[in-house]
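Participant: Here you go, one structure.
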2 protein chains.
Amino acid sequence: MKLGKGVEWCTHICGMLALVPEGKGLSTDALADFFEVPSAYLAKQMQLMRRAGIVESVRGKGGGYRLALSVDAITLLDIVQAIEGPSPAFRCTEIRQNGPCGLKRKDCKNPCEIASAFAEAEEVYREALRAKTIAVINAEAAANGSPEHFMEVAQWVQKQVS
Amino acid sequence: MKLGKGVEWCTHICGMLALVPEGKGLSTDALADFFEVPSAYLAKQMQLMRRAGIVESVRGKGGGYRLALSVDAITLLDIVQAIEGPSPAFRCTEIRQNGPCGLKRKDCKNPCEIASAFAEAEEVYREALRAKTIAVINAEAAANGSPEHFMEVAQWVQKQVS
DNA sequence: TTTATCCGGATATCAAATATCCGATTTGAG
DNA sequence: CTCAAATCGGATATTTGATATCCGGATAAA
């Protein structure tokens with residue numbers, strides 16, 4: 001039961017990309033430097049984000065990544081699913097069909113009670129993540145953090161895109 | 001984001017152990033045969049269950065495992081935590097402290113907004129699993145399944161403990 | 001004493017996460 | 001046109017964790 005590092009990285013990155021001016025972008029190297037994470041591996045995560053439609057890329061000199069959607073259209077769930085894929089955490093292998101008292105295949109059209117219970121739990125989990133947009137996260141961060149730090153970050157972004 | 005097979009196995013096993021008569025137990029081999037799972041590996045999972053206080057073991061000939069608690073005192077969350085351990089799925093590595101705009105350690109006494117959001121989501125997930133006891137699961141299974149199959153399983157258990 | 005069982009540790013195997021590298025392509029700038 | 005900067009996709013290590021097996025010791029019933 002573990003989420004990949006890419007989830008943490010990309011969530012922070014989305015918060016930062018929100019500060020990037022229209023038409024500009026930040027390169028993988030710039031993002032990797034900002035968070036001190038391995039550039040080559042981050043590049044792979046950003047490709048997943050792009051395929052999921054969360055960010056868009058501009059190739060060639062001066063290119064980089066920027067958000068493909070507005071900050072209130074990107075949820076934490078979107079990011080998790082982009083990085084981790086769609087498969088549920090609980091994997092039902094239908095062991096009720098095994099062994100001396102195994103059920104017949106045809107009697108197992110519906111998921112078993114255990115699989116259903118885990119599916120429900122994962123659904124409320126996803127629902128909680130779906131309720132948190134980048135806009136919300138950034139608003140909370142602005143409320144809790146110092147204005148000085150915010151300016152510092154904003155100026156760093158400015159320097160990169162100029 | 002993946003739960004180990006032991007979670008599925010042990011949940012089904014708890015449902016079965018509920019049928020074991022007072023004072024008796026089922027051996028690891030019997031459980032492994034019933035569900036067609038590898039015996040040696042299942043033994044490891046059962047040790048985790050025992051250390052978590054969910055089942056208790058009887059050593060020596062004729063021994064085995066039985067529930068250590070009543071069926072309405074064992075939740076799916078208990079089983080997940082027994083097998084998977086206590087660590088959360090989202091691992092915050094405090095990358096906000098990294099890089100050119102990294103925050104000072106002392107300004108990071110509270111978890112960041114992202115870590116908090118994931119912690120909340122995992123809490124509702126745990127809450128959902130906490131609401132599902134073995135008693136509930138078994139009641140649902142009894143309601144959905146055929147009485148014939150229930151008898152078949154009960155008789156198999158009888159044969160093992162006699 | 002023999003047999004069946006759990007216990008703990010050591011170890012092997014396999015899959016996934018993490019990480020790096022390279023060649024191809026695109027694009028802006030000189 | 002050429003060069004440099006950047007993403008893209010694929011190939012490939014490396015590391016970690018999940019999966020799986022085995023064995024020697026302890027325990028208890030027959």
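Ordering of the structure tokens sets the chain letters (A, B, ...); residue numbers start at 1 within each chain; ligands are numbered from 1 in the order shown.
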Just need the residues of chain B within 7 Å of chain D, counting only C-alpha atoms (C1' of nucleotides), so spit them out as a count of residues only.
Facilitator: 6
Participant: Per residue of chain A within 12 Å of chain C, note the shortest atom pair and the distance in Å to one decimal, counting only C-alpha atoms (C1' of nucleotides), and order the rows by chain and increasing residue number, as CSV.
Facilitator:
```
residue,atom,partner,partner_atom,distance
A:Lys2,CA,C:DA17,C1',10.4
A:Leu3,CA,C:DA17,C1',9.9
A:Gly4,CA,C:DA17,C1',7.3
A:Lys5,CA,C:DT18,C1',9.0
A:Gly6,CA,C:DT18,C1',10.1
A:Val37,CA,C:DA19,C1',10.8
A:Pro38,CA,C:DA19,C1',7.7
A:Ser39,CA,C:DA19,C1',9.4
A:Ala40,CA,C:DT20,C1',6.8
A:Tyr41,CA,C:DA19,C1',5.9
A:Leu42,CA,C:DA19,C1',9.5
A:Ala43,CA,C:DA19,C1',10.9
A:Lys44,CA,C:DA19,C1',10.1
A:Gln45,CA,C:DT18,C1',11.2
A:Ser57,CA,C:DT26,C1',11.5
A:Val58,CA,C:DT27,C1',9.0
A:Arg59,CA,C:DT26,C1',5.7
A:Gly60,CA,C:DT27,C1',4.2
A:Lys61,CA,C:DG28,C1',5.5
A:Gly62,CA,C:DG28,C1',7.0
A:Gly63,CA,C:DT27,C1',8.3
A:Gly64,CA,C:DT27,C1',11.7
A:Ile83,CA,C:DA17,C1',11.8
A:Glu84,CA,C:DA17,C1',10.9
```
Participant: Residues of chain B within 7 Å of chain A, counting only C-alpha atoms - could you list those as a PyMOL selection string?
Facilitator: chain B and resi 1-3+8+33-36+84+89-90+92+95+98-101+113-114+121-122+124-125+128-129+137+140-141+152-153
Participant: Take atom CA of Ala119 of chain B and atom CA of Asp78 of chain A and report the distance between them in Å, one decimal.
Facilitator: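 For atom CA of Ala119 of chain B relative to atom CA of Asp78 of chain A, the distance reads 16.8 Å.
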Participant: I'd like the interatomic distance between atom CA of Pro147 of chain A and atom CA of Leu67 of chain A, to a tenth of an Å.
Facilitator: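 For atom CA of Pro147 of chain A relative to atom CA of Leu67 of chain A, the distance reads 23.2 Å.
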Participant: As a PDB file with N, CA and C atoms, in the first residue's frame, please: every residue in segment 61-154 of chain B that a backbone DSSP assignment puts in strand (DSSP E).
Facilitator:
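Below you can see out-v3.pdb, which holds the result:
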```
ATOM      1  N   GLY B  64      -3.272 -25.300  15.532  1.00  0.00           N
ATOM      2  CA  GLY B  64      -3.666 -24.523  14.361  1.00  0.00           C
ATOM      3  C   GLY B  64      -4.064 -23.115  14.763  1.00  0.00           C
ATOM      4  N   TYR B  65      -4.824 -22.477  13.901  1.00  0.00           N
ATOM      5  CA  TYR B  65      -5.238 -21.101  14.154  1.00  0.00           C
ATOM      6  C   TYR B  65      -6.738 -21.000  14.388  1.00  0.00           C
ATOM      7  N   ARG B  66      -7.104 -20.068  15.268  1.00  0.00           N
ATOM      8  CA  ARG B  66      -8.513 -19.709  15.437  1.00  0.00           C
ATOM      9  C   ARG B  66      -8.574 -18.218  15.711  1.00  0.00           C
ATOM     10  N   LEU B  67      -9.769 -17.661  15.638  1.00  0.00           N
ATOM     11  CA  LEU B  67      -9.919 -16.235  15.895  1.00  0.00           C
ATOM     12  C   LEU B  67      -9.628 -15.935  17.367  1.00  0.00           C
TER      13      LEU B  67
END
```
Participant: What does the distance between atom CA of Gln160 of chain B and atom CA of Lys104 of chain A come to in Å, to one decimal place?
Facilitator: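 Separating atom CA of Gln160 of chain B from atom CA of Lys104 of chain A is a distance of 22.7 Å.
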Participant: Measuring between only C-alpha atoms, which one of A:Leu26, A:Ala68, A:Leu17, A:Cys10 shows the shortest distance to Ile54 of chain A?
Facilitator: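 Distance minimum relative to Ile54 of chain A lands on A:Ala68.
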Participant: So that I can see what lies close to Ala82 of chain A, please list as a CSV table (one decimal) with N, CA and C atoms, in the first residue's frame the residues with an atom at most 6 Å from it, counting only C-alpha atoms (C1' of nucleotides) and leaving out residues fewer than 3 positions away in the same chain.
Facilitator:
```
chain,number,residue,atom,x,y,z
A,48,LEU,N,3.9,10.9,-18.1
A,48,LEU,CA,2.6,10.3,-17.7
A,48,LEU,C,1.5,11.4,-17.5
A,49,MET,N,2.0,12.5,-16.9
A,49,MET,CA,1.1,13.7,-16.6
A,49,MET,C,0.6,14.2,-18.0
A,52,ALA,N,-2.0,12.0,-19.6
A,52,ALA,CA,-3.2,12.1,-18.8
A,52,ALA,C,-4.0,13.4,-19.1
A,79,ILE,N,-4.1,13.3,-10.6
A,79,ILE,CA,-2.7,13.1,-10.5
A,79,ILE,C,-2.3,11.7,-10.1
A,85,GLY,N,-1.8,4.8,-12.4
A,85,GLY,CA,-2.7,4.0,-13.3
A,85,GLY,C,-4.0,3.7,-12.6
```
Participant: Once DSSP has gone over the backbone, tell me which residues of chain A are in helix (DSSP H, G or I), as number ranges by chain.
Facilitator: A: 5-17, 28-35, 39-51, 76-84, 95-97, 105-108, 113-130, 134-144, 147-161
